[in-house]
$ cat structure-v5.cif   # mmCIF, C-alpha atoms
data_input
#
loop_
_atom_site.label_atom_id
_atom_site.label_comp_id
_atom_site.auth_asym_id
_atom_site.auth_seq_id
_atom_site.Cartn_x
_atom_site.Cartn_y
_atom_site.Cartn_z
CA MET A 1 56.74 71.61 35.73
CA LYS A 2 57.21 75.12 34.22
CA LYS A 3 56.18 76.74 37.53
CA LEU A 4 58.74 74.67 39.34
CA LEU A 5 61.51 75.76 36.99
CA LYS A 6 60.50 79.45 37.29
CA PHE A 7 60.54 79.15 41.06
CA ILE A 8 64.02 77.66 41.01
CA ILE A 9 65.37 80.40 38.69
CA THR A 10 63.92 83.21 40.85
CA ALA A 11 65.32 81.74 44.03
CA THR A 12 68.74 81.41 42.42
CA ALA A 13 68.75 85.08 41.30
CA ALA A 14 67.87 86.31 44.80
CA ALA A 15 70.68 84.30 46.24
CA MET A 16 73.12 85.79 43.80
CA CYS A 17 72.07 89.34 44.69
CA ALA A 18 72.63 88.63 48.33
CA LEU A 19 76.13 87.41 47.59
CA THR A 20 76.88 90.59 45.60
CA LEU A 21 75.75 92.87 48.38
CA SER A 22 77.88 91.01 50.81
CA ALA A 23 80.90 91.58 48.63
CA CYS A 24 80.30 95.32 48.52
CA GLY A 25 80.63 95.87 52.23
CA GLY A 26 77.60 94.53 53.66
CA SER A 27 74.31 96.12 54.00
CA ALA A 28 73.60 99.55 52.55
CA PHE A 29 72.43 100.43 55.98
CA SER A 30 74.94 101.43 58.83
CA SER A 31 72.75 100.25 61.50
CA THR A 32 72.15 96.67 61.97
CA GLU A 33 68.66 97.50 62.66
CA PRO A 34 66.56 98.25 59.69
CA PRO A 35 65.38 101.86 59.57
CA PRO A 36 62.05 102.47 60.69
CA SER A 37 59.59 102.66 58.02
CA GLY A 38 58.88 106.25 57.00
CA SER A 39 61.73 108.00 59.01
CA ASP A 40 63.92 110.73 57.55
CA THR A 41 67.35 109.23 58.02
CA THR A 42 70.48 110.55 56.39
CA VAL A 43 72.70 107.83 55.11
CA THR A 44 76.47 108.53 55.49
CA PRO A 45 78.59 106.63 53.09
CA PRO A 46 81.64 104.84 54.47
CA PRO A 47 85.14 106.32 54.02
CA PRO A 48 86.82 105.55 50.82
CA ASP A 49 89.29 102.72 50.56
CA ASN A 50 92.44 104.01 48.81
CA SER A 51 94.14 100.77 48.83
CA ASN A 52 92.67 99.79 45.60
CA GLY A 53 94.23 102.62 43.59
CA ASN A 54 91.09 104.61 43.01
CA ASN A 55 92.65 107.80 44.17
CA GLY A 56 90.52 108.09 47.01
CA GLU A 57 87.44 107.80 44.97
CA ASN A 58 84.83 105.70 46.32
CA VAL A 59 83.98 103.50 43.38
CA ILE A 60 81.49 100.60 43.54
CA PRO A 61 82.43 97.87 41.08
CA PRO A 62 79.74 96.73 38.74
CA ALA A 63 77.93 93.79 39.89
CA GLU A 64 78.61 90.59 37.93
CA THR A 65 75.67 89.06 36.17
CA PRO A 66 75.33 85.47 37.38
CA GLU A 67 74.94 82.74 34.82
CA PRO A 68 71.75 80.91 35.10
CA PRO A 69 72.08 77.47 36.58
CA GLU A 70 71.78 74.47 34.33
CA GLU A 71 68.28 73.23 34.04
CA PRO A 72 68.07 69.88 35.73
CA PRO A 73 66.95 67.03 33.54
CA ALA A 74 63.24 66.52 33.50
CA GLU A 75 62.13 63.86 35.77
CA PRO A 76 60.19 61.10 34.01
CA ALA A 77 56.49 61.24 34.49
CA PRO A 78 55.30 58.63 36.87
CA ASP A 79 53.38 55.64 35.29
CA GLU A 80 49.71 56.26 34.98
CA PRO A 81 47.78 53.90 37.20
CA PRO A 82 45.88 51.12 35.28
CA GLU A 83 42.20 51.53 34.74
CA THR A 84 40.29 49.83 37.46
CA THR A 85 37.21 48.85 35.23
CA GLU A 86 37.15 44.97 34.80
CA LYS A 87 36.24 43.53 31.34
CA PRO A 88 33.22 41.18 31.41
CA GLU A 89 34.06 37.49 30.85
CA ALA A 90 33.13 36.19 27.30
CA MET A 91 29.98 33.96 27.18
CA ARG A 92 29.97 30.55 25.50
CA LYS A 93 27.25 29.25 23.23
CA ALA A 94 25.49 25.90 22.93
CA THR A 95 23.93 25.35 19.52
CA PHE A 96 21.07 22.89 18.96
CA LEU A 97 20.40 21.47 15.48
CA TYR A 98 17.21 19.87 14.16
CA ASN A 99 17.02 18.45 10.67
CA ASN A 100 20.46 19.95 9.96
CA GLU A 101 19.20 23.45 10.74
CA VAL A 102 19.76 25.64 13.81
CA TYR A 103 16.90 25.07 16.20
CA ALA A 104 18.15 27.07 19.22
CA VAL A 105 21.29 28.82 20.58
CA LEU A 106 21.75 29.23 24.35
CA GLU A 107 24.56 31.06 26.19
CA PHE A 108 26.39 29.90 29.31
CA ALA A 109 29.39 31.12 31.29
CA THR A 110 31.52 28.16 32.24
CA ASP A 111 29.60 24.89 32.09
CA VAL A 112 26.82 23.76 29.79
CA SER A 113 24.99 22.34 32.79
CA GLU A 114 24.09 25.95 33.66
CA ILE A 115 21.44 26.00 30.92
CA GLU A 116 18.19 24.12 30.52
CA PHE A 117 18.17 22.24 27.23
CA PRO A 118 15.22 23.00 24.94
CA GLU A 119 12.58 20.35 24.44
CA VAL A 120 13.46 17.99 21.57
CA PRO A 121 11.07 18.50 18.61
CA GLN A 122 8.55 15.67 18.47
CA LEU A 123 8.62 13.05 15.69
CA ALA A 124 5.71 10.65 15.49
CA HIS A 125 6.52 7.11 16.68
CA TYR A 126 10.05 8.07 17.80
CA THR A 127 11.67 9.06 21.08
CA GLY A 128 14.10 12.00 20.82
CA GLU A 129 17.18 13.28 22.68
CA TRP A 130 19.94 15.83 22.20
CA ARG A 131 23.25 14.20 21.34
CA LEU A 132 26.64 15.93 21.23
CA PHE A 133 27.46 16.52 17.58
CA GLU A 134 30.58 18.72 17.75
CA ASN A 135 32.69 20.00 20.65
CA ASP A 136 35.61 22.40 20.27
CA GLY A 137 35.98 22.71 24.03
CA GLU A 138 34.15 26.02 24.19
CA ASN A 139 30.98 26.01 22.10
CA PRO A 140 29.33 22.59 21.91
CA VAL A 141 26.88 21.65 19.13
CA TYR A 142 24.06 19.24 19.82
CA SER A 143 21.84 17.47 17.25
CA ALA A 144 18.39 15.98 17.72
CA ALA A 145 18.64 12.16 17.58
CA TYR A 146 15.66 9.81 17.37
CA THR A 147 15.05 6.16 18.20
CA PRO A 148 11.99 4.36 16.75
CA ILE A 149 9.43 3.14 19.26
CA THR A 150 8.81 -0.62 19.18
CA TYR A 151 5.17 -1.69 18.81
CA TYR A 152 3.59 -5.16 18.80
CA LEU A 153 1.03 -6.76 16.49
CA SER A 154 -0.87 -9.81 17.74
CA VAL A 155 -1.72 -12.52 15.23
CA LEU A 156 -4.94 -14.23 16.30
CA ALA A 157 -6.65 -17.47 15.32
CA GLU A 158 -10.33 -17.48 14.39
CA ASP A 159 -11.23 -18.21 18.03
CA GLY A 160 -9.08 -15.33 19.31
CA THR A 161 -6.11 -17.40 20.43
CA VAL A 162 -2.80 -15.57 19.99
CA LEU A 163 -0.76 -17.44 17.41
CA GLN A 164 2.18 -15.07 17.16
CA THR A 165 3.38 -11.61 18.14
CA ILE A 166 5.21 -9.43 15.62
CA ASP A 167 7.28 -6.45 16.74
CA TYR A 168 7.66 -3.52 14.37
CA THR A 169 8.60 0.16 14.26
CA ALA A 170 7.84 3.11 12.02
CA GLU A 171 10.77 1.95 9.91
CA THR A 172 9.24 -1.52 9.28
CA SER A 173 7.49 -1.77 5.92
CA LEU A 174 4.07 -3.37 5.46
CA ALA A 175 5.69 -5.93 3.18
CA GLU A 176 7.98 -6.99 6.03
CA ILE A 177 5.01 -7.28 8.40
CA TYR A 178 3.01 -9.39 5.92
CA LYS A 179 6.08 -11.55 5.33
CA SER A 180 6.22 -12.22 9.07
CA LEU A 181 2.61 -13.42 9.20
CA PRO A 182 2.12 -17.21 9.46
CA PRO A 183 0.39 -19.16 6.66
CA LEU A 184 -3.33 -18.44 6.45
CA PRO A 185 -5.52 -21.09 8.06
CA GLN A 186 -7.60 -23.01 5.51
CA LYS A 187 -11.30 -23.75 5.68
CA THR A 188 -13.17 -25.96 3.20
CA HIS A 189 -15.37 -24.03 0.76
CA TYR A 190 -14.08 -20.70 2.08
CA THR A 191 -11.53 -18.20 0.89
CA ALA A 192 -9.28 -16.75 3.57
CA ARG A 193 -7.50 -13.44 4.01
CA TRP A 194 -5.89 -11.56 6.84
CA SER A 195 -8.11 -8.87 8.25
CA ASP A 196 -7.28 -5.21 7.93
CA PHE A 197 -5.41 -3.87 10.93
CA ASN A 198 -4.30 -0.54 12.39
CA LEU A 199 -0.71 -0.05 13.42
CA PHE A 200 0.88 2.14 16.10
CA GLY A 201 -1.69 1.64 18.77
CA GLU A 202 -2.48 -0.39 21.82
CA GLY A 203 -4.01 -3.79 21.15
CA ALA A 204 -3.17 -3.90 17.44
CA ALA A 205 -4.21 -7.32 16.12
CA VAL A 206 -4.82 -9.21 12.89
CA CYS A 207 -6.93 -12.32 12.42
CA PRO A 208 -8.06 -14.51 9.51
CA GLU A 209 -11.32 -13.65 7.76
CA PHE A 210 -13.24 -16.35 5.92
CA THR A 211 -15.64 -15.75 3.05
CA PRO A 212 -17.76 -18.59 1.69
CA VAL A 213 -16.99 -19.51 -1.91
CA SER A 214 -19.93 -18.78 -4.20
CA TYR A 215 -20.74 -21.54 -6.69
CA THR A 216 -22.91 -21.09 -9.78
CA VAL A 217 -25.61 -23.22 -11.34
CA THR A 218 -26.23 -22.15 -14.92
CA PHE A 219 -29.45 -23.23 -16.61
CA SER A 220 -29.31 -23.12 -20.41
CA ASP A 221 -31.62 -24.15 -23.24
CA ALA A 222 -30.96 -26.88 -25.79
CA ASN A 223 -28.90 -24.47 -27.90
CA GLY A 224 -26.69 -23.40 -25.02
CA LYS A 225 -28.34 -20.02 -24.46
CA ILE A 226 -28.26 -19.09 -20.77
CA ILE A 227 -31.68 -18.91 -19.18
CA CYS A 228 -30.55 -17.98 -15.66
CA VAL A 229 -27.63 -18.27 -13.27
CA GLN A 230 -28.13 -19.02 -9.59
CA THR A 231 -25.56 -19.12 -6.82
CA TYR A 232 -25.16 -20.90 -3.53
CA ASP A 233 -22.49 -21.40 -0.89
CA VAL A 234 -21.84 -23.52 2.14
CA GLU A 235 -23.69 -21.06 4.37
CA SER A 236 -26.76 -20.36 2.25
CA GLY A 237 -27.13 -24.08 1.44
CA LYS A 238 -28.25 -26.02 -1.59
CA ASP A 239 -31.91 -25.18 -1.01
CA ASN A 240 -31.12 -21.77 -2.40
CA ILE A 241 -31.24 -23.26 -5.92
CA THR A 242 -34.63 -23.36 -7.64
CA ALA A 243 -34.76 -24.65 -11.19
CA PRO A 244 -36.61 -22.38 -13.65
CA PRO A 245 -39.32 -23.69 -15.99
CA VAL A 246 -37.97 -25.84 -18.82
CA PRO A 247 -38.23 -23.99 -22.14
CA GLU A 248 -40.30 -25.62 -24.85
CA LEU A 249 -38.61 -27.09 -27.90
CA GLU A 250 -40.49 -27.56 -31.14
CA GLY A 251 -40.93 -31.19 -32.14
CA PHE A 252 -40.16 -32.41 -28.62
CA GLU A 253 -42.17 -33.06 -25.50
CA ASN A 254 -41.74 -33.99 -21.83
CA GLY A 255 -39.06 -31.33 -21.30
CA ARG A 256 -37.17 -31.57 -18.01
CA TRP A 257 -33.83 -30.60 -16.55
CA GLU A 258 -31.15 -33.22 -16.57
CA SER A 259 -30.32 -34.59 -13.14
CA TYR A 260 -27.58 -32.75 -11.29
CA ASP A 261 -25.88 -32.70 -7.92
CA LEU A 262 -24.77 -29.66 -5.96
CA ASN A 263 -21.29 -30.65 -4.89
CA TYR A 264 -19.91 -27.16 -4.34
CA GLU A 265 -18.65 -26.60 -7.85
CA ASP A 266 -19.79 -24.61 -10.85
CA ILE A 267 -22.15 -26.60 -13.09
CA THR A 268 -24.33 -26.09 -16.16
CA VAL A 269 -27.73 -27.78 -16.35
CA ARG A 270 -29.35 -28.46 -19.70
CA PRO A 271 -32.87 -29.61 -20.62
CA VAL A 272 -33.73 -33.03 -22.01
CA TYR A 273 -36.74 -33.83 -24.17
CA ASP A 274 -38.60 -36.69 -25.80
CA LYS A 275 -39.03 -36.31 -29.50
CA ILE A 276 -42.59 -36.30 -30.73
CA PRO A 277 -42.83 -39.17 -33.23
CA ASP A 278 -43.37 -37.98 -36.77
CA PRO A 279 -45.99 -40.08 -38.61
CA ALA A 280 -43.75 -39.93 -41.65
CA GLU A 281 -40.95 -41.40 -39.51
CA ALA A 282 -43.00 -44.17 -38.04
CA PHE A 283 -40.72 -46.97 -37.00
CA THR A 284 -40.52 -50.19 -38.95
CA LYS A 285 -42.93 -52.85 -37.88
CA GLY A 286 -41.36 -55.94 -36.49
CA LEU A 287 -38.86 -54.13 -34.24
CA ILE A 288 -38.71 -55.56 -30.76
CA PHE A 289 -38.38 -53.02 -27.87
CA THR A 290 -37.25 -53.95 -24.37
CA LEU A 291 -37.11 -51.70 -21.27
CA ASN A 292 -33.68 -51.46 -19.69
CA GLU A 293 -32.75 -50.79 -16.05
CA ALA A 294 -32.78 -47.06 -16.62
CA GLY A 295 -36.41 -47.19 -17.74
CA ASP A 296 -35.61 -46.51 -21.39
CA TYR A 297 -36.18 -48.73 -24.38
CA GLU A 298 -33.63 -50.66 -26.38
CA VAL A 299 -34.24 -52.27 -29.78
CA THR A 300 -33.34 -55.89 -29.08
CA GLY A 301 -34.50 -57.72 -32.21
CA TYR A 302 -36.35 -57.70 -35.51
CA GLU A 303 -39.13 -59.97 -36.78
CA GLY A 304 -40.15 -58.01 -39.85
CA ALA A 305 -39.69 -58.84 -43.48
CA GLU A 306 -38.38 -55.52 -44.79
CA THR A 307 -34.68 -55.14 -45.49
CA GLY A 308 -34.70 -51.43 -44.73
CA VAL A 309 -35.26 -50.47 -41.09
CA LYS A 310 -35.96 -47.14 -39.34
CA ILE A 311 -35.24 -47.13 -35.60
CA PRO A 312 -37.18 -44.42 -33.66
CA SER A 313 -36.02 -42.34 -30.69
CA VAL A 314 -39.28 -42.73 -28.76
CA TYR A 315 -41.50 -45.75 -28.20
CA ASN A 316 -44.68 -45.69 -26.12
CA GLY A 317 -43.72 -42.26 -24.80
CA LYS A 318 -40.31 -43.36 -23.57
CA LYS A 319 -36.89 -42.81 -25.05
CA VAL A 320 -35.18 -45.36 -27.21
CA THR A 321 -31.52 -45.08 -26.24
CA ALA A 322 -29.76 -48.15 -27.60
CA VAL A 323 -29.63 -50.91 -30.20
CA GLY A 324 -29.20 -54.02 -28.09
CA GLU A 325 -26.63 -56.79 -28.24
CA ASN A 326 -27.09 -59.06 -31.32
CA ALA A 327 -30.25 -57.11 -32.17
CA PHE A 328 -29.73 -57.47 -35.98
CA ALA A 329 -26.98 -60.10 -36.02
CA LYS A 330 -26.99 -62.30 -39.17
CA THR A 331 -30.09 -60.65 -40.67
CA ALA A 332 -30.73 -59.69 -44.29
CA LEU A 333 -30.92 -55.96 -43.48
CA ASN A 334 -29.16 -53.80 -46.03
CA LYS A 335 -30.21 -50.29 -45.00
CA VAL A 336 -30.64 -48.85 -41.48
CA THR A 337 -31.56 -45.35 -40.34
CA ILE A 338 -31.25 -44.59 -36.61
CA ALA A 339 -33.14 -41.55 -35.22
CA GLU A 340 -31.57 -38.83 -33.11
CA GLY A 341 -31.66 -39.76 -29.43
CA VAL A 342 -30.11 -43.22 -29.65
CA ILE A 343 -26.75 -43.05 -27.82
CA LYS A 344 -25.28 -46.58 -27.92
CA LEU A 345 -24.79 -49.57 -30.25
CA MET A 346 -24.28 -52.61 -28.04
CA PRO A 347 -21.79 -55.44 -28.91
CA GLN A 348 -22.62 -57.41 -32.07
CA ALA A 349 -25.59 -55.12 -32.75
CA PHE A 350 -25.21 -55.58 -36.56
CA TYR A 351 -22.85 -58.53 -36.56
CA SER A 352 -22.61 -60.33 -39.91
CA CYS A 353 -25.62 -58.68 -41.53
CA LYS A 354 -25.92 -57.62 -45.18
CA LEU A 355 -25.64 -53.88 -44.57
CA THR A 356 -24.67 -51.69 -47.49
CA GLU A 357 -25.74 -48.37 -45.97
CA ILE A 358 -26.26 -47.09 -42.41
CA THR A 359 -26.99 -43.61 -41.03
CA LEU A 360 -25.74 -43.02 -37.52
CA PRO A 361 -27.29 -40.19 -35.39
CA LYS A 362 -25.33 -37.25 -34.00
CA SER A 363 -26.50 -38.30 -30.54
CA LEU A 364 -24.55 -41.58 -30.75
CA GLU A 365 -21.75 -41.89 -28.20
CA VAL A 366 -20.54 -45.53 -28.14
CA ILE A 367 -19.98 -48.16 -30.88
CA GLY A 368 -19.61 -51.46 -29.05
CA LYS A 369 -17.31 -54.42 -29.59
CA ASN A 370 -17.92 -56.27 -32.90
CA ALA A 371 -20.85 -53.92 -33.60
CA PHE A 372 -20.24 -54.14 -37.40
CA ASN A 373 -17.95 -57.18 -37.49
CA SER A 374 -18.28 -59.17 -40.74
CA CYS A 375 -20.62 -56.69 -42.46
CA THR A 376 -19.00 -57.75 -45.70
CA ASN A 377 -21.11 -55.56 -48.00
CA LEU A 378 -20.45 -52.28 -46.16
CA GLN A 379 -18.22 -50.03 -48.29
CA GLU A 380 -18.19 -46.73 -46.36
CA ILE A 381 -18.80 -45.66 -42.77
CA THR A 382 -19.03 -42.17 -41.19
CA VAL A 383 -18.68 -41.98 -37.42
CA PRO A 384 -20.33 -38.73 -36.14
CA ASP A 385 -18.63 -36.21 -33.83
CA GLY A 386 -20.74 -37.26 -30.87
CA VAL A 387 -19.03 -40.65 -30.65
CA THR A 388 -16.33 -40.81 -27.99
CA ALA A 389 -15.59 -44.56 -27.89
CA ILE A 390 -15.05 -47.19 -30.59
CA GLU A 391 -14.46 -50.61 -29.03
CA THR A 392 -12.18 -53.38 -30.28
CA MET A 393 -13.02 -55.13 -33.58
CA ALA A 394 -15.97 -52.80 -34.13
CA PHE A 395 -15.36 -52.88 -37.93
CA ALA A 396 -13.36 -56.13 -38.22
CA ASN A 397 -13.68 -58.31 -41.31
CA CYS A 398 -15.59 -55.71 -43.36
CA ALA A 399 -14.07 -57.06 -46.56
CA LEU A 400 -15.45 -54.37 -48.91
CA LEU A 401 -14.95 -51.37 -46.62
CA LYS A 402 -12.82 -48.83 -48.45
CA THR A 403 -13.31 -45.53 -46.61
CA ALA A 404 -13.88 -44.53 -42.95
CA HIS A 405 -14.43 -41.00 -41.59
CA ILE A 406 -13.84 -40.74 -37.84
CA GLY A 407 -15.40 -37.88 -35.78
CA LYS A 408 -13.34 -35.38 -33.79
CA ASN A 409 -14.28 -36.65 -30.32
CA VAL A 410 -13.21 -40.28 -30.72
CA ALA A 411 -10.54 -40.85 -28.10
CA ALA A 412 -8.82 -43.81 -29.75
CA LEU A 413 -8.88 -46.46 -32.46
CA PRO A 414 -8.15 -49.58 -30.42
CA LYS A 415 -6.38 -52.80 -31.30
CA MET A 416 -8.03 -54.75 -34.16
CA ALA A 417 -10.62 -52.02 -34.75
CA PHE A 418 -10.37 -52.57 -38.55
CA VAL A 419 -8.60 -55.92 -38.64
CA LYS A 420 -8.81 -57.80 -42.00
CA CYS A 421 -10.53 -54.95 -43.85
CA THR A 422 -8.73 -56.07 -46.98
CA GLN A 423 -10.01 -53.26 -49.22
CA LEU A 424 -9.53 -50.43 -46.73
CA GLN A 425 -7.48 -47.62 -48.21
CA THR A 426 -8.58 -44.33 -46.62
CA VAL A 427 -9.14 -43.44 -42.96
CA VAL A 428 -9.70 -39.72 -42.23
CA LEU A 429 -9.42 -38.47 -38.63
CA ALA A 430 -11.07 -35.18 -37.72
CA SER A 431 -8.69 -34.66 -34.79
CA ARG A 432 -5.01 -35.21 -34.21
CA ASN A 433 -5.86 -36.00 -30.60
CA THR A 434 -7.30 -39.41 -31.56
CA ALA A 435 -4.86 -42.12 -30.54
CA VAL A 436 -4.27 -44.95 -33.03
CA ASP A 437 -3.16 -48.40 -31.84
CA ASN A 438 -0.40 -49.87 -34.00
CA GLN A 439 -2.57 -52.96 -34.62
CA ALA A 440 -5.79 -51.08 -35.31
CA PHE A 441 -5.36 -51.79 -39.04
CA TYR A 442 -3.82 -55.25 -38.76
CA GLU A 443 -3.98 -57.26 -42.00
CA CYS A 444 -5.22 -54.34 -44.08
CA PRO A 445 -2.87 -54.75 -47.07
CA LEU A 446 -4.06 -51.68 -49.04
CA PHE A 447 -4.02 -49.28 -46.10
CA LYS A 448 -1.25 -46.64 -46.33
CA GLY A 449 -1.91 -44.64 -43.16
CA VAL A 450 -4.38 -42.20 -41.62
CA THR A 451 -4.91 -38.66 -42.85
CA TYR A 452 -6.15 -35.66 -40.87
CA MET A 453 -8.73 -33.06 -41.75
CA THR A 454 -6.71 -30.35 -39.98
#
$ encode --input "structure-v5.cif" --output "C-alpha cells"
Amino acid sequence: MKKLLKFIITATAAAMCALTLSACGGSAFSSTEPPPSGSDTTVTPPPPDNSNGNNGENVIPPAETPEPPEEPPAEPAPDEPPETTEKPEAMRKATFLYNNEVYAVLEFATDVSEIEFPEVPQLAHYTGEWRLFENDGENPVYSAAYTPITYYLSVLAEDGTVLQTIDYTAETSLAEIYKSLPPLPQKTHYTARWSDFNLFGEGAAVCPEFTPVSYTVTFSDANGKIICVQTYDVESGKDNITAPPVPELEGFENGRWESYDLNYEDITVRPVYDKIPDPAEAFTKGLIFTLNEAGDYEVTGYEGAETGVKIPSVYNGKKVTAVGENAFAKTALNKVTIAEGVIKLMPQAFYSCKLTEITLPKSLEVIGKNAFNSCTNLQEITVPDGVTAIETMAFANCALLKTAHIGKNVAALPKMAFVKCTQLQTVVLASRNTAVDNQAFYECPLFKGVTYMT
C-alpha cells in the first residue's frame, strides 16, 4: 500500500513540473527535436517580453510549488478466504454396564448398529442380553440383563414311573422344591425318605428310598439287668434272633426264657424259674394239687388236720400257680402262708373260713370274686403291689375287718368289694390312679373315706 502511495505522489509531481514548463514558454530547447546527445550546441534565449513591465528584462517567474494531492481513503482489505481444513465429526459412545460398573465403552459415528456388541458376561444358570438402560439420543447406555434358565426335576416311584415333574430355576429354593414333592409313599415296616438329587443337569430325578425298620429284642436277667440286645427287620427275618443262655438264679431251677413272639416291635424277654423247694418250707400235708390246662398245679382242696397251712410254689417239679375255686371254703383254717410264684386266688378260694391271718405273695396278680367273702375273723389285709385286679365282693361280709392296704397297681375297687364290712374304718391306697366304685364300701357304717400314701 505504501509503494502505491509513493508511486502516485511521484507521478503527480512530474505532471506538475510539465505544466510549469509549459507555462514558461515551452521547452527549453528551440528545436523541436531534442539535441543530439553529446553535441556542443549554443542555446539562444528568446527575446524578452516587455509587455509585462519588466523593463525589457527577461525574468522567469518562480515556479509555484504544487500542493500534494489528498491521499485517497484506504481501501478496505479484502476478506481473508476461510480455511479449507474440515473439522472431523464428533464420535458417539455406547457404554455397557455389568453389575452396575462399566464393562466396556465402544465408539460409533452415526448409528449404534455400526459396532459389534461385546459378549454378555456369563452367569451360571442364566441367559444374558444387553438391554437399553439410558438413551439421551447420542450416547446410549446398555446394562447386562439376565433371565433364569428353567430346569425340570422328575419325581419317580419306586419302580421308576414318573409321578410328577417339577420345574425350577436358580432362584427356586430347596424348601420350595421339597414343598412341591408329593407325599412319600408308605411301606409297612420301612421308613421312607426322598433320595438325594442333583439339580441343574439333564435327567435330574428324585425317588423314594426305603430302609427297613430295625426292631430290638432285649434279654434281661431276673433283676432287669440287660444280658444282650439283638435286632431284626423285615429283610433279615426273625431267624436272626438267637436267645442267649439263661442265667442261673440261686434257689431256683429249670431256668428258661419266657415265651415271646416277634411281631416287628421292640420287646424285652425275661427268664422264668422254678423255685427249689426248701425242706424248711415243706408244704403242709393234706393239700390237694391238680394240674390245670397250662400244665401247672393248682391247690384245689385240703384234707389235713392242721389249722395253719403253707402253700408251696412248686410241686413234683412243676409250678404251683393258683389256689383253686372253693379250695379252702368253710374250713377251720386260721393262718395261711402262700409262697412266691402263686399268681391267682380263684373265686371263693377262702370263702367263709376262720382266717385271722394270711400272707399274700408279691407274685400274686388276681384276687377272685368272693375270695375272702365271710371271713368274719379277719381283721387286717394287705394287698401286695403285684395285684392288678380285685374282683367284686372279694372282701364282702368280713365283719371284723378294720384296715385294708391296697397296692399301687390295683386298677379299681369294684362294686361291693367291701360290702357289709361293718367295722371297716381305714382303707389306704398306694396310688391315686386306683378307681373306686361308689358302692365299693356299701353298708360300711364306720368307713369315712379312702386315704392315699402319696
$ resolve_selection --input "structure-v5.cif" --expression "the PyMOL selection byres ((chain A and resi 121) around 12)" --output "short mmCIF file (atom, residue, chain, number, x, y, z; two decimals) with C-alpha atoms, in the coordinates of the input"
data_model
loop_
_atom_site.label_atom_id
_atom_site.label_comp_id
_atom_site.auth_asym_id
_atom_site.auth_seq_id
_atom_site.Cartn_x
_atom_site.Cartn_y
_atom_site.Cartn_z
CA PHE A 96 21.07 22.89 18.96
CA LEU A 97 20.40 21.47 15.48
CA TYR A 98 17.21 19.87 14.16
CA ASN A 99 17.02 18.45 10.67
CA TYR A 103 16.90 25.07 16.20
CA ALA A 104 18.15 27.07 19.22
CA PHE A 117 18.17 22.24 27.23
CA PRO A 118 15.22 23.00 24.94
CA GLU A 119 12.58 20.35 24.44
CA VAL A 120 13.46 17.99 21.57
CA GLN A 122 8.55 15.67 18.47
CA LEU A 123 8.62 13.05 15.69
CA ALA A 124 5.71 10.65 15.49
CA TYR A 126 10.05 8.07 17.80
CA THR A 127 11.67 9.06 21.08
CA GLY A 128 14.10 12.00 20.82
CA GLU A 129 17.18 13.28 22.68
CA TRP A 130 19.94 15.83 22.20
CA SER A 143 21.84 17.47 17.25
CA ALA A 144 18.39 15.98 17.72
CA ALA A 145 18.64 12.16 17.58
CA TYR A 146 15.66 9.81 17.37
#
$ closest_residue --input "structure-v5.cif" --among "A:Phe108, A:Phe283, A:Phe219, A:Phe133" --to "Pro247 (chain A)" --atoms "only C-alpha atoms"
A:Phe219
$ closest_atom_pairs --input "structure-v5.cif" --of "region 313-399 of chain A" --to "region 304-307 of chain A" --cutoff "9 Å" --atoms "all atoms listed in the file" --output "tab-separated table"
residue	atom	partner	partner_atom	distance
A:Thr331	CA	A:Thr307	CA	8.6
A:Ala332	CA	A:Thr307	CA	6.1
A:Leu333	CA	A:Thr307	CA	4.3
A:Asn334	CA	A:Thr307	CA	5.7
A:Lys335	CA	A:Thr307	CA	6.6
A:Val336	CA	A:Thr307	CA	8.5
$ resolve_selection --input "structure-v5.cif" --expression "the PyMOL selection byres ((chain A and resi 175-187) around 12)" --output "PyMOL selection string"
chain A and resi 151-159+162-174+188-197+199+205-213+234
$ write_last_selection --input "structure-v5.cif" --atoms "C-alpha atoms" --output "mmCIF file, keeping the file's coordinate frame"
data_model
loop_
_atom_site.group_PDB
_atom_site.id
_atom_site.type_symbol
_atom_site.label_atom_id
_atom_site.label_comp_id
_atom_site.auth_asym_id
_atom_site.auth_seq_id
_atom_site.Cartn_x
_atom_site.Cartn_y
_atom_site.Cartn_z
ATOM 1 C CA TYR A 151 5.170 -1.690 18.810
ATOM 2 C CA TYR A 152 3.590 -5.160 18.800
ATOM 3 C CA LEU A 153 1.030 -6.760 16.490
ATOM 4 C CA SER A 154 -0.870 -9.810 17.740
ATOM 5 C CA VAL A 155 -1.720 -12.520 15.230
ATOM 6 C CA LEU A 156 -4.940 -14.230 16.300
ATOM 7 C CA ALA A 157 -6.650 -17.470 15.320
ATOM 8 C CA GLU A 158 -10.330 -17.480 14.390
ATOM 9 C CA ASP A 159 -11.230 -18.210 18.030
ATOM 10 C CA VAL A 162 -2.800 -15.570 19.990
ATOM 11 C CA LEU A 163 -0.760 -17.440 17.410
ATOM 12 C CA GLN A 164 2.180 -15.070 17.160
ATOM 13 C CA THR A 165 3.380 -11.610 18.140
ATOM 14 C CA ILE A 166 5.210 -9.430 15.620
ATOM 15 C CA ASP A 167 7.280 -6.450 16.740
ATOM 16 C CA TYR A 168 7.660 -3.520 14.370
ATOM 17 C CA THR A 169 8.600 0.160 14.260
ATOM 18 C CA ALA A 170 7.840 3.110 12.020
ATOM 19 C CA GLU A 171 10.770 1.950 9.910
ATOM 20 C CA THR A 172 9.240 -1.520 9.280
ATOM 21 C CA SER A 173 7.490 -1.770 5.920
ATOM 22 C CA LEU A 174 4.070 -3.370 5.460
ATOM 23 C CA THR A 188 -13.170 -25.960 3.200
ATOM 24 C CA HIS A 189 -15.370 -24.030 0.760
ATOM 25 C CA TYR A 190 -14.080 -20.700 2.080
ATOM 26 C CA THR A 191 -11.530 -18.200 0.890
ATOM 27 C CA ALA A 192 -9.280 -16.750 3.570
ATOM 28 C CA ARG A 193 -7.500 -13.440 4.010
ATOM 29 C CA TRP A 194 -5.890 -11.560 6.840
ATOM 30 C CA SER A 195 -8.110 -8.870 8.250
ATOM 31 C CA ASP A 196 -7.280 -5.210 7.930
ATOM 32 C CA PHE A 197 -5.410 -3.870 10.930
ATOM 33 C CA LEU A 199 -0.710 -0.050 13.420
ATOM 34 C CA ALA A 205 -4.210 -7.320 16.120
ATOM 35 C CA VAL A 206 -4.820 -9.210 12.890
ATOM 36 C CA CYS A 207 -6.930 -12.320 12.420
ATOM 37 C CA PRO A 208 -8.060 -14.510 9.510
ATOM 38 C CA GLU A 209 -11.320 -13.650 7.760
ATOM 39 C CA PHE A 210 -13.240 -16.350 5.920
ATOM 40 C CA THR A 211 -15.640 -15.750 3.050
ATOM 41 C CA PRO A 212 -17.760 -18.590 1.690
ATOM 42 C CA VAL A 213 -16.990 -19.510 -1.910
ATOM 43 C CA VAL A 234 -21.840 -23.520 2.140
#
